[in-house]
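Data from input_21.cif: mmCIF, C-alpha atoms
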```
data_target
loop_
_atom_site.group_PDB
_atom_site.id
_atom_site.type_symbol
_atom_site.label_atom_id
_atom_site.label_comp_id
_atom_site.auth_asym_id
_atom_site.auth_seq_id
_atom_site.Cartn_x
_atom_site.Cartn_y
_atom_site.Cartn_z
ATOM 1 C CA MET A 1 72.524 107.852 98.408
ATOM 2 C CA PHE A 2 69.313 106.142 99.590
ATOM 3 C CA LEU A 3 68.979 103.233 97.168
ATOM 4 C CA PHE A 4 66.213 100.791 97.917
ATOM 5 C CA ASN A 5 65.310 97.596 96.013
ATOM 6 C CA LYS A 6 68.863 97.078 94.834
ATOM 7 C CA PRO A 7 70.372 93.609 94.226
ATOM 8 C CA THR A 8 71.806 91.947 97.315
ATOM 9 C CA ASP A 9 73.573 89.155 95.409
ATOM 10 C CA LEU A 10 76.780 89.645 93.476
ATOM 11 C CA PRO A 11 76.561 89.104 89.703
ATOM 12 C CA ALA A 12 78.362 86.252 88.020
ATOM 13 C CA PRO A 13 81.549 87.487 86.308
ATOM 14 C CA ASP A 14 80.145 86.745 82.861
ATOM 15 C CA LYS A 15 76.991 88.744 83.648
ATOM 16 C CA ALA A 16 78.784 91.867 84.897
ATOM 17 C CA LEU A 17 78.793 95.104 82.911
ATOM 18 C CA PRO A 18 81.739 95.359 80.484
ATOM 19 C CA GLY A 19 83.156 98.688 81.646
ATOM 20 C CA ARG A 20 85.930 100.447 79.737
ATOM 21 C CA ASP A 21 89.682 100.650 79.347
ATOM 22 C CA GLU A 22 90.069 104.322 80.249
ATOM 23 C CA PRO A 23 90.001 105.607 83.837
ATOM 24 C CA ILE A 24 87.033 107.879 84.541
ATOM 25 C CA LEU A 25 88.973 110.206 86.855
ATOM 26 C CA ARG A 26 91.538 112.620 85.512
ATOM 27 C CA PRO A 27 94.514 113.236 87.841
ATOM 28 C CA SER A 28 93.482 115.939 90.272
ATOM 29 C CA PRO A 29 94.447 117.363 93.675
ATOM 30 C CA HIS A 30 92.753 116.346 96.906
ATOM 31 C CA HIS A 31 90.108 118.939 97.769
ATOM 32 C CA VAL A 32 91.249 119.133 101.407
ATOM 33 C CA ASN A 33 95.053 118.984 101.272
ATOM 34 C CA GLY A 34 95.929 119.496 97.599
ATOM 35 C CA ARG A 35 97.936 116.291 97.285
ATOM 36 C CA PRO A 36 97.643 114.046 94.196
ATOM 37 C CA ILE A 37 94.722 111.645 94.528
ATOM 38 C CA THR A 38 95.940 109.165 91.951
ATOM 39 C CA GLY A 39 99.649 109.431 92.730
ATOM 40 C CA PRO A 40 102.470 109.082 92.384
ATOM 41 C CA TYR A 41 102.738 108.886 96.152
ATOM 42 C CA PRO A 42 105.983 109.656 98.013
ATOM 43 C CA ASP A 43 108.334 106.774 98.756
ATOM 44 C CA GLY A 44 107.846 105.202 102.155
ATOM 45 C CA LEU A 45 104.074 105.641 102.306
ATOM 46 C CA GLN A 46 101.711 102.678 102.421
ATOM 47 C CA VAL A 47 98.263 102.031 100.931
ATOM 48 C CA ALA A 48 95.219 100.602 102.701
ATOM 49 C CA GLU A 49 91.806 100.029 101.127
ATOM 50 C CA PHE A 50 88.432 99.542 102.800
ATOM 51 C CA ALA A 51 84.702 99.383 102.006
ATOM 52 C CA MET A 52 82.207 100.327 104.699
ATOM 53 C CA GLY A 53 79.031 101.608 103.093
ATOM 54 C CA CYS A 54 78.577 105.028 101.502
ATOM 55 C CA PHE A 55 82.074 106.179 100.579
ATOM 56 C CA TRP A 56 81.390 109.880 101.152
ATOM 57 C CA GLY A 57 81.407 109.698 104.939
ATOM 58 C CA ALA A 58 83.903 106.844 105.012
ATOM 59 C CA GLU A 59 86.487 108.924 103.172
ATOM 60 C CA LYS A 60 86.001 111.937 105.438
ATOM 61 C CA GLY A 61 86.637 109.838 108.509
ATOM 62 C CA PHE A 62 89.959 108.646 107.150
ATOM 63 C CA TRP A 63 91.261 111.970 105.811
ATOM 64 C CA GLN A 64 90.832 113.427 109.309
ATOM 65 C CA LEU A 65 93.174 110.896 110.914
ATOM 66 C CA PRO A 66 96.712 112.076 111.750
ATOM 67 C CA GLY A 67 99.265 110.305 109.584
ATOM 68 C CA VAL A 68 96.967 109.899 106.579
ATOM 69 C CA TRP A 69 98.640 111.540 103.598
ATOM 70 C CA VAL A 70 95.809 111.405 101.053
ATOM 71 C CA THR A 71 92.511 109.602 100.455
ATOM 72 C CA ALA A 72 90.378 108.729 97.446
ATOM 73 C CA VAL A 73 87.100 106.967 96.737
ATOM 74 C CA GLY A 74 86.512 104.336 94.119
ATOM 75 C CA TYR A 75 84.968 101.027 93.155
ATOM 76 C CA GLN A 76 86.590 97.750 94.174
ATOM 77 C CA GLY A 77 86.025 94.059 94.598
ATOM 78 C CA GLY A 78 83.930 93.513 91.472
ATOM 79 C CA PHE A 79 84.381 92.709 87.818
ATOM 80 C CA THR A 80 83.745 95.848 85.746
ATOM 81 C CA PRO A 81 86.899 97.807 84.838
ATOM 82 C CA ASN A 82 86.655 101.571 85.347
ATOM 83 C CA ALA A 83 83.026 101.381 86.379
ATOM 84 C CA THR A 84 80.956 104.524 86.820
ATOM 85 C CA TYR A 85 78.866 105.419 89.846
ATOM 86 C CA ARG A 86 75.682 104.840 87.883
ATOM 87 C CA GLU A 87 76.875 101.388 86.812
ATOM 88 C CA THR A 88 77.934 100.433 90.328
ATOM 89 C CA CYS A 89 74.518 101.462 91.659
ATOM 90 C CA THR A 90 72.849 98.867 89.430
ATOM 91 C CA GLY A 91 74.564 96.047 91.317
ATOM 92 C CA LYS A 92 75.809 94.684 87.994
ATOM 93 C CA THR A 93 79.495 95.494 88.469
ATOM 94 C CA GLY A 94 80.083 93.543 91.681
ATOM 95 C CA HIS A 95 81.985 96.482 93.156
ATOM 96 C CA ALA A 96 81.752 97.939 96.642
ATOM 97 C CA GLU A 97 82.137 101.649 97.299
ATOM 98 C CA ALA A 98 85.692 101.787 98.608
ATOM 99 C CA VAL A 99 88.189 104.194 100.122
ATOM 100 C CA ARG A 100 91.924 104.244 99.416
ATOM 101 C CA VAL A 101 94.002 105.513 102.334
ATOM 102 C CA VAL A 102 97.624 106.474 101.715
ATOM 103 C CA PHE A 103 99.365 106.730 105.074
ATOM 104 C CA ASP A 104 102.656 107.159 106.882
ATOM 105 C CA ALA A 105 103.099 104.079 109.072
ATOM 106 C CA ALA A 106 105.491 106.016 111.311
ATOM 107 C CA LYS A 107 102.573 108.259 112.300
ATOM 108 C CA VAL A 108 99.573 105.942 112.144
ATOM 109 C CA ARG A 109 99.698 102.155 112.232
ATOM 110 C CA TYR A 110 97.625 99.985 109.910
ATOM 111 C CA GLU A 111 96.040 98.502 113.045
ATOM 112 C CA GLU A 112 94.784 101.958 113.996
ATOM 113 C CA LEU A 113 93.197 102.338 110.570
ATOM 114 C CA LEU A 114 91.527 98.975 111.145
ATOM 115 C CA ALA A 115 90.172 100.138 114.507
ATOM 116 C CA HIS A 116 88.693 103.207 112.841
ATOM 117 C CA PHE A 117 87.212 101.004 110.113
ATOM 118 C CA TRP A 118 85.475 98.657 112.543
ATOM 119 C CA GLU A 119 84.156 101.400 114.806
ATOM 120 C CA SER A 120 82.810 103.594 111.977
ATOM 121 C CA HIS A 121 80.204 101.201 110.582
ATOM 122 C CA ASP A 122 78.218 98.078 111.421
ATOM 123 C CA PRO A 123 80.108 95.132 109.911
ATOM 124 C CA THR A 124 77.302 92.663 110.649
ATOM 125 C CA GLN A 125 74.744 93.961 108.140
ATOM 126 C CA GLY A 126 75.716 92.060 104.989
ATOM 127 C CA MET A 127 74.814 93.867 101.778
ATOM 128 C CA ARG A 128 73.758 97.105 103.420
ATOM 129 C CA GLN A 129 74.475 99.888 105.870
ATOM 130 C CA GLY A 130 71.319 101.223 107.458
ATOM 131 C CA ASN A 131 68.926 102.385 104.732
ATOM 132 C CA ASP A 132 71.609 102.017 102.052
ATOM 133 C CA VAL A 133 70.834 98.605 100.585
ATOM 134 C CA GLY A 134 72.767 96.815 97.857
ATOM 135 C CA THR A 135 76.016 95.028 97.110
ATOM 136 C CA GLN A 136 77.911 98.320 96.774
ATOM 137 C CA TYR A 137 77.391 98.983 100.496
ATOM 138 C CA ARG A 138 78.928 95.772 101.809
ATOM 139 C CA SER A 139 81.804 95.774 104.283
ATOM 140 C CA ALA A 140 85.232 94.693 103.042
ATOM 141 C CA ILE A 141 88.956 94.965 103.656
ATOM 142 C CA PHE A 142 91.363 94.663 100.731
ATOM 143 C CA PRO A 143 94.832 93.818 102.113
ATOM 144 C CA VAL A 144 97.736 94.706 99.843
ATOM 145 C CA ASP A 145 100.155 92.221 101.435
ATOM 146 C CA ALA A 146 100.337 89.285 103.833
ATOM 147 C CA ALA A 147 101.056 91.492 106.844
ATOM 148 C CA GLN A 148 97.901 93.532 106.249
ATOM 149 C CA ARG A 149 95.860 90.370 105.841
ATOM 150 C CA ALA A 150 97.146 88.954 109.111
ATOM 151 C CA SER A 151 96.313 92.196 110.904
ATOM 152 C CA ALA A 152 92.872 92.402 109.287
ATOM 153 C CA THR A 153 92.018 88.823 110.250
ATOM 154 C CA ALA A 154 93.217 89.250 113.838
ATOM 155 C CA SER A 155 91.304 92.501 114.214
ATOM 156 C CA ARG A 156 88.120 90.909 112.858
ATOM 157 C CA ASP A 157 88.360 88.069 115.363
ATOM 158 C CA ALA A 158 89.051 90.449 118.235
ATOM 159 C CA TYR A 159 86.181 92.733 117.263
ATOM 160 C CA GLN A 160 83.810 89.795 116.865
ATOM 161 C CA GLU A 161 84.332 88.996 120.535
ATOM 162 C CA ARG A 162 83.408 92.560 121.482
ATOM 163 C CA LEU A 163 80.373 92.596 119.181
ATOM 164 C CA THR A 164 79.123 89.242 120.414
ATOM 165 C CA ALA A 165 79.372 90.417 124.002
ATOM 166 C CA ALA A 166 77.334 93.488 123.047
ATOM 167 C CA GLY A 167 74.594 91.403 121.416
ATOM 168 C CA PHE A 168 75.487 91.861 117.753
ATOM 169 C CA GLY A 169 75.598 89.077 115.184
ATOM 170 C CA ARG A 170 78.299 87.628 112.972
ATOM 171 C CA ILE A 171 80.684 89.913 111.097
ATOM 172 C CA THR A 172 80.033 89.714 107.361
ATOM 173 C CA THR A 173 83.081 91.731 106.304
ATOM 174 C CA GLU A 174 84.965 90.249 103.361
ATOM 175 C CA ILE A 175 88.767 90.143 103.510
ATOM 176 C CA ILE A 176 90.005 89.919 99.920
ATOM 177 C CA GLY A 177 93.716 89.841 99.145
ATOM 178 C CA PRO A 178 96.556 89.905 98.718
ATOM 179 C CA PRO A 179 96.718 90.918 96.066
ATOM 180 C CA ALA A 180 94.033 93.507 96.632
ATOM 181 C CA PRO A 181 91.536 93.671 93.762
ATOM 182 C CA ALA A 182 91.896 96.575 91.361
ATOM 183 C CA PHE A 183 90.806 99.940 92.738
ATOM 184 C CA TYR A 184 89.009 102.061 90.124
ATOM 185 C CA PHE A 185 88.892 105.753 91.027
ATOM 186 C CA ALA A 186 85.405 107.241 91.171
ATOM 187 C CA GLU A 187 84.314 110.384 89.368
ATOM 188 C CA GLY A 188 85.676 113.728 90.515
ATOM 189 C CA GLU A 189 82.328 114.801 91.947
ATOM 190 C CA HIS A 190 82.536 111.956 94.499
ATOM 191 C CA GLN A 191 86.112 112.646 95.592
ATOM 192 C CA GLN A 192 86.120 114.411 98.978
ATOM 193 C CA TYR A 193 82.386 114.922 98.538
ATOM 194 C CA LEU A 194 81.793 116.093 102.092
ATOM 195 C CA SER A 195 84.484 118.744 101.810
ATOM 196 C CA LYS A 196 82.776 120.114 98.701
ATOM 197 C CA ASN A 197 79.305 119.603 100.225
ATOM 198 C CA PRO A 198 79.720 119.973 104.003
ATOM 199 C CA PHE A 199 76.025 119.417 104.690
ATOM 200 C CA GLY A 200 75.819 116.342 102.457
ATOM 201 C CA TYR A 201 74.537 112.900 103.368
ATOM 202 C CA CYS A 202 76.735 111.378 106.085
ATOM 203 C CA PRO A 203 74.970 108.851 108.346
ATOM 204 C CA ASP A 204 76.695 107.265 111.330
ATOM 205 C CA HIS A 205 76.265 103.493 111.231
ATOM 206 C CA GLY A 206 78.764 102.721 113.995
ATOM 207 C CA THR A 207 77.733 100.153 116.592
ATOM 208 C CA GLY A 208 79.181 102.076 119.520
ATOM 209 C CA VAL A 209 81.366 99.072 120.341
ATOM 210 C CA SER A 210 85.053 99.923 120.685
ATOM 211 C CA CYS A 211 87.696 97.895 118.878
ATOM 212 C CA PRO A 212 90.760 96.760 120.847
ATOM 213 C CA VAL A 213 93.026 96.786 117.816
ATOM 214 C CA GLY A 214 95.219 99.867 117.628
ATOM 215 C CA VAL A 215 94.378 101.028 121.139
ATOM 216 C CA GLY A 216 96.662 98.852 123.219
ATOM 217 C CA VAL A 217 96.746 95.460 121.519
ATOM 218 C CA ALA A 218 99.555 94.591 119.142
ATOM 219 C CA THR A 219 97.775 92.575 116.476
ATOM 220 C CA GLY A 220 98.941 89.005 116.198
ATOM 221 C CA MET A 221 101.521 89.443 118.975
ATOM 222 C CA GLY A 222 99.420 88.855 122.070
ATOM 223 C CA THR A 223 101.279 91.577 123.952
ATOM 224 C CA GLU A 224 100.617 95.169 124.850
ATOM 225 C CA ALA A 225 101.715 97.702 122.251
#
```
Target encoding structure tokens, full file:
Amino acid sequence: MFLFNKPTDLPAPDKALPGRDEPILRPSPHHVNGRPITGPYPDGLQVAEFAMGCFWGAEKGFWQLPGVWVTAVGYQGGFTPNATYRETCTGKTGHAEAVRVVFDAAKVRYEELLAHFWESHDPTQGMRQGNDVGTQYRSAIFPVDAAQRASATASRDAYQERLTAAGFGRITTEIIGPPAPAFYFAEGEHQQYLSKNPFGYCPDHGTGVSCPVGVGVATGMGTEA
């Protein structure tokens, strides 16, 4: 996953790779819990989507959270339909490595997922996370509705205050949606990679700064949860 000398500027839409019409992932069970990665998902569950660097470790962090029903990795926020990993690594698709999180909001709030997102990477690094350099490693949140966008924006502003106080720079995380851009499932070998390869590459890029969202602050309400 160490990819040096990769583009750090997004391609123009008309310069992106063409992609394909067919999904590259066949429907398959989650390697950890056996649930369907691509759906259909049970009624009443919600979807959240994030990008925070290498999607191997990012996915593992989310599947371990109570209330998360299933996770998947994919490519999102770019222009190339059904891109492959190899194509995304060129920087010519515009996609970020992303994680889809299907969750039960009665057991874990979206704000708690946001807190995990912020605390599990460094959102001030632009087109990189540590030694992973390139547009695919950028930080992003893809809200599926207006409520998620409001929560994402409030959490970003709250976390910026914490980061600034700790000496970090400006958050570069993109918030795109609603609607969230299309999520293209990655190849089977990348799904739940760290369950299949428990000693695989999994760096910790967290800043060590805690996020107030989801741990006592009701986003957008200004009152204690």
Using only C-alpha atoms, I'd like a table of the residues in region 52-143 of chain A that come within 10 Å of region 171-191 of chain A; for each, show the closest atom pair and its distance in Å rounded to one decimal, ordered by chain and ascending number, as CSV.
```
residue,atom,partner,partner_atom,distance
A:Met52,CA,A:Thr173,CA,8.8
A:Phe55,CA,A:His190,CA,8.4
A:Trp56,CA,A:His190,CA,7.1
A:Glu59,CA,A:Gln191,CA,8.5
A:Lys60,CA,A:Gln191,CA,9.9
A:Thr71,CA,A:Gln191,CA,8.6
A:Ala72,CA,A:Gln191,CA,6.1
A:Val73,CA,A:Ala186,CA,5.8
A:Gly74,CA,A:Phe185,CA,4.2
A:Tyr75,CA,A:Tyr184,CA,5.2
A:Gln76,CA,A:Phe183,CA,5.0
A:Gly77,CA,A:Pro181,CA,5.6
A:Gly78,CA,A:Pro181,CA,7.9
A:Phe79,CA,A:Ala182,CA,9.2
A:Thr80,CA,A:Tyr184,CA,9.2
A:Pro81,CA,A:Tyr184,CA,7.1
A:Asn82,CA,A:Tyr184,CA,5.3
A:Ala83,CA,A:Tyr184,CA,7.1
A:Thr84,CA,A:Ala186,CA,6.8
A:Tyr85,CA,A:Ala186,CA,6.9
A:His95,CA,A:Tyr184,CA,9.5
A:Glu97,CA,A:Ala186,CA,8.9
A:Ala98,CA,A:Phe183,CA,8.0
A:Val99,CA,A:Phe183,CA,8.9
A:Arg100,CA,A:Phe183,CA,8.0
A:Trp118,CA,A:Thr173,CA,9.6
A:Asp122,CA,A:Ile171,CA,8.5
A:Pro123,CA,A:Ile171,CA,5.4
A:Thr124,CA,A:Ile171,CA,4.4
A:Gln125,CA,A:Thr172,CA,6.8
A:Gly126,CA,A:Thr172,CA,5.5
A:Met127,CA,A:Thr172,CA,8.7
A:Arg138,CA,A:Thr173,CA,7.3
A:Ser139,CA,A:Thr173,CA,4.7
A:Ala140,CA,A:Glu174,CA,4.5
A:Ile141,CA,A:Ile175,CA,4.8
A:Phe142,CA,A:Ile176,CA,5.0
A:Pro143,CA,A:Gly177,CA,5.1
```
Discussion item. Residues near Gly200 (chain A), anyone? I mean within 12 Å using all atoms listed in the file, not counting same-chain ones fewer than 2 positions away, as a PyMOL selection string.
Written reply: chain A and resi 1+54+56-57+60+190+192-198+202-203
Practice prompt. May I ask for the distance between CA of Pro42 (chain A) and CA of Thr153 (chain A), given in Å to one decimal place?
Written response: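 So the answer is 27.9 Å.
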Practice prompt. Using only C-alpha atoms, find the one residue out of A:Gly53, A:Gly39, A:Pro27, A:Gly44 that sits nearest to Gly130 (chain A).
Written response: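 For Gly130 (chain A), the nearest of the given residues is A:Gly53.
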Practice prompt. Find the residue from A:Asp204, A:Gln64, A:Ala16, A:Val47 that sits nearest to Asn131 (chain A); use all atoms listed in the file when measuring.
Written response: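 With all atoms listed in the file as the atom set, the closest residue is A:Asp204.
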Worksheet item: Mind pulling up the distance from CA of Tyr41 (chain A) to CA of His121 (chain A)?
Response: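 Between these atoms lies a distance of 27.8 Å.
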Discussion item. What does the structure give for the distance between CA of Val68 (chain A) and CA of Ser155 (chain A), in Å to one decimal?
Written reply: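 Separation of CA of Val68 (chain A) and CA of Ser155 (chain A): 19.8 Å.
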Please produce region 52-84 of chain A, completed to N, CA and C atoms, as a PDB file, in the coordinates of the input.
```
ATOM      1  N   MET A  52      82.991 100.285 103.460  1.00  0.00           N
ATOM      2  CA  MET A  52      82.207 100.327 104.699  1.00  0.00           C
ATOM      3  C   MET A  52      80.915 101.106 104.511  1.00  0.00           C
ATOM      4  N   GLY A  53      80.250 100.881 103.383  1.00  0.00           N
ATOM      5  CA  GLY A  53      79.031 101.608 103.093  1.00  0.00           C
ATOM      6  C   GLY A  53      79.301 102.810 102.220  1.00  0.00           C
ATOM      7  N   CYS A  54      78.444 103.806 102.301  1.00  0.00           N
ATOM      8  CA  CYS A  54      78.577 105.028 101.502  1.00  0.00           C
ATOM      9  C   CYS A  54      79.985 105.590 101.620  1.00  0.00           C
ATOM     10  N   PHE A  55      80.670 105.761 100.493  1.00  0.00           N
ATOM     11  CA  PHE A  55      82.074 106.179 100.579  1.00  0.00           C
ATOM     12  C   PHE A  55      82.269 107.657 100.874  1.00  0.00           C
ATOM     13  N   TRP A  56      81.229 108.454 100.828  1.00  0.00           N
ATOM     14  CA  TRP A  56      81.390 109.880 101.152  1.00  0.00           C
ATOM     15  C   TRP A  56      81.844 110.066 102.598  1.00  0.00           C
ATOM     16  N   GLY A  57      81.057 109.553 103.539  1.00  0.00           N
ATOM     17  CA  GLY A  57      81.407 109.698 104.939  1.00  0.00           C
ATOM     18  C   GLY A  57      82.619 108.867 105.330  1.00  0.00           C
ATOM     19  N   ALA A  58      82.760 107.702 104.704  1.00  0.00           N
ATOM     20  CA  ALA A  58      83.903 106.844 105.012  1.00  0.00           C
ATOM     21  C   ALA A  58      85.209 107.560 104.690  1.00  0.00           C
ATOM     22  N   GLU A  59      85.259 108.224 103.532  1.00  0.00           N
ATOM     23  CA  GLU A  59      86.487 108.924 103.172  1.00  0.00           C
ATOM     24  C   GLU A  59      86.785 110.052 104.154  1.00  0.00           C
ATOM     25  N   LYS A  60      85.777 110.818 104.519  1.00  0.00           N
ATOM     26  CA  LYS A  60      86.001 111.937 105.438  1.00  0.00           C
ATOM     27  C   LYS A  60      86.606 111.456 106.749  1.00  0.00           C
ATOM     28  N   GLY A  61      86.101 110.348 107.260  1.00  0.00           N
ATOM     29  CA  GLY A  61      86.637 109.838 108.509  1.00  0.00           C
ATOM     30  C   GLY A  61      88.117 109.531 108.426  1.00  0.00           C
ATOM     31  N   PHE A  62      88.549 108.997 107.296  1.00  0.00           N
ATOM     32  CA  PHE A  62      89.959 108.646 107.150  1.00  0.00           C
ATOM     33  C   PHE A  62      90.833 109.868 106.894  1.00  0.00           C
ATOM     34  N   TRP A  63      90.373 110.842 106.089  1.00  0.00           N
ATOM     35  CA  TRP A  63      91.261 111.970 105.811  1.00  0.00           C
ATOM     36  C   TRP A  63      91.509 112.820 107.063  1.00  0.00           C
ATOM     37  N   GLN A  64      90.659 112.670 108.073  1.00  0.00           N
ATOM     38  CA  GLN A  64      90.832 113.427 109.309  1.00  0.00           C
ATOM     39  C   GLN A  64      91.834 112.791 110.272  1.00  0.00           C
ATOM     40  N   LEU A  65      92.270 111.573 109.997  1.00  0.00           N
ATOM     41  CA  LEU A  65      93.174 110.896 110.914  1.00  0.00           C
ATOM     42  C   LEU A  65      94.610 111.397 110.753  1.00  0.00           C
ATOM     43  N   PRO A  66      95.297 111.706 111.841  1.00  0.00           N
ATOM     44  CA  PRO A  66      96.712 112.076 111.750  1.00  0.00           C
ATOM     45  C   PRO A  66      97.520 110.947 111.114  1.00  0.00           C
ATOM     46  N   GLY A  67      98.434 111.308 110.241  1.00  0.00           N
ATOM     47  CA  GLY A  67      99.265 110.305 109.584  1.00  0.00           C
ATOM     48  C   GLY A  67      98.751 109.855 108.240  1.00  0.00           C
ATOM     49  N   VAL A  68      97.517 110.222 107.906  1.00  0.00           N
ATOM     50  CA  VAL A  68      96.967 109.899 106.579  1.00  0.00           C
ATOM     51  C   VAL A  68      97.407 110.995 105.614  1.00  0.00           C
ATOM     52  N   TRP A  69      98.056 110.591 104.546  1.00  0.00           N
ATOM     53  CA  TRP A  69      98.640 111.540 103.598  1.00  0.00           C
ATOM     54  C   TRP A  69      97.622 112.002 102.552  1.00  0.00           C
ATOM     55  N   VAL A  70      96.850 111.064 102.018  1.00  0.00           N
ATOM     56  CA  VAL A  70      95.809 111.405 101.053  1.00  0.00           C
ATOM     57  C   VAL A  70      94.788 110.280 101.024  1.00  0.00           C
ATOM     58  N   THR A  71      93.577 110.596 100.595  1.00  0.00           N
ATOM     59  CA  THR A  71      92.511 109.602 100.455  1.00  0.00           C
ATOM     60  C   THR A  71      91.856 109.740  99.087  1.00  0.00           C
ATOM     61  N   ALA A  72      91.152 108.697  98.688  1.00  0.00           N
ATOM     62  CA  ALA A  72      90.378 108.729  97.446  1.00  0.00           C
ATOM     63  C   ALA A  72      89.251 107.727  97.560  1.00  0.00           C
ATOM     64  N   VAL A  73      88.192 107.936  96.786  1.00  0.00           N
ATOM     65  CA  VAL A  73      87.100 106.967  96.737  1.00  0.00           C
ATOM     66  C   VAL A  73      87.071 106.306  95.365  1.00  0.00           C
ATOM     67  N   GLY A  74      86.561 105.070  95.371  1.00  0.00           N
ATOM     68  CA  GLY A  74      86.512 104.336  94.119  1.00  0.00           C
ATOM     69  C   GLY A  74      85.644 103.104  94.238  1.00  0.00           C
ATOM     70  N   TYR A  75      85.774 102.245  93.249  1.00  0.00           N
ATOM     71  CA  TYR A  75      84.968 101.027  93.155  1.00  0.00           C
ATOM     72  C   TYR A  75      85.923  99.839  93.140  1.00  0.00           C
ATOM     73  N   GLN A  76      85.617  98.824  93.953  1.00  0.00           N
ATOM     74  CA  GLN A  76      86.590  97.750  94.174  1.00  0.00           C
ATOM     75  C   GLN A  76      85.888  96.454  94.539  1.00  0.00           C
ATOM     76  N   GLY A  77      86.524  95.358  94.197  1.00  0.00           N
ATOM     77  CA  GLY A  77      86.025  94.059  94.598  1.00  0.00           C
ATOM     78  C   GLY A  77      85.054  93.422  93.627  1.00  0.00           C
ATOM     79  N   GLY A  78      84.860  94.044  92.460  1.00  0.00           N
ATOM     80  CA  GLY A  78      83.930  93.513  91.472  1.00  0.00           C
ATOM     81  C   GLY A  78      84.629  93.093  90.196  1.00  0.00           C
ATOM     82  N   PHE A  79      83.905  93.241  89.087  1.00  0.00           N
ATOM     83  CA  PHE A  79      84.381  92.709  87.818  1.00  0.00           C
ATOM     84  C   PHE A  79      84.496  93.745  86.703  1.00  0.00           C
ATOM     85  N   THR A  80      83.842  94.869  86.833  1.00  0.00           N
ATOM     86  CA  THR A  80      83.745  95.848  85.746  1.00  0.00           C
ATOM     87  C   THR A  80      84.894  96.837  85.812  1.00  0.00           C
ATOM     88  N   PRO A  81      85.781  96.855  84.807  1.00  0.00           N
ATOM     89  CA  PRO A  81      86.899  97.807  84.838  1.00  0.00           C
ATOM     90  C   PRO A  81      86.420  99.237  84.637  1.00  0.00           C
ATOM     91  N   ASN A  82      86.966 100.144  85.459  1.00  0.00           N
ATOM     92  CA  ASN A  82      86.655 101.571  85.347  1.00  0.00           C
ATOM     93  C   ASN A  82      85.148 101.825  85.328  1.00  0.00           C
ATOM     94  N   ALA A  83      84.472 101.210  86.275  1.00  0.00           N
ATOM     95  CA  ALA A  83      83.026 101.381  86.379  1.00  0.00           C
ATOM     96  C   ALA A  83      82.683 102.823  86.754  1.00  0.00           C
ATOM     97  N   THR A  84      81.478 103.230  86.408  1.00  0.00           N
ATOM     98  CA  THR A  84      80.956 104.524  86.820  1.00  0.00           C
ATOM     99  C   THR A  84      80.089 104.350  88.057  1.00  0.00           C
TER     100      THR A  84
END
```
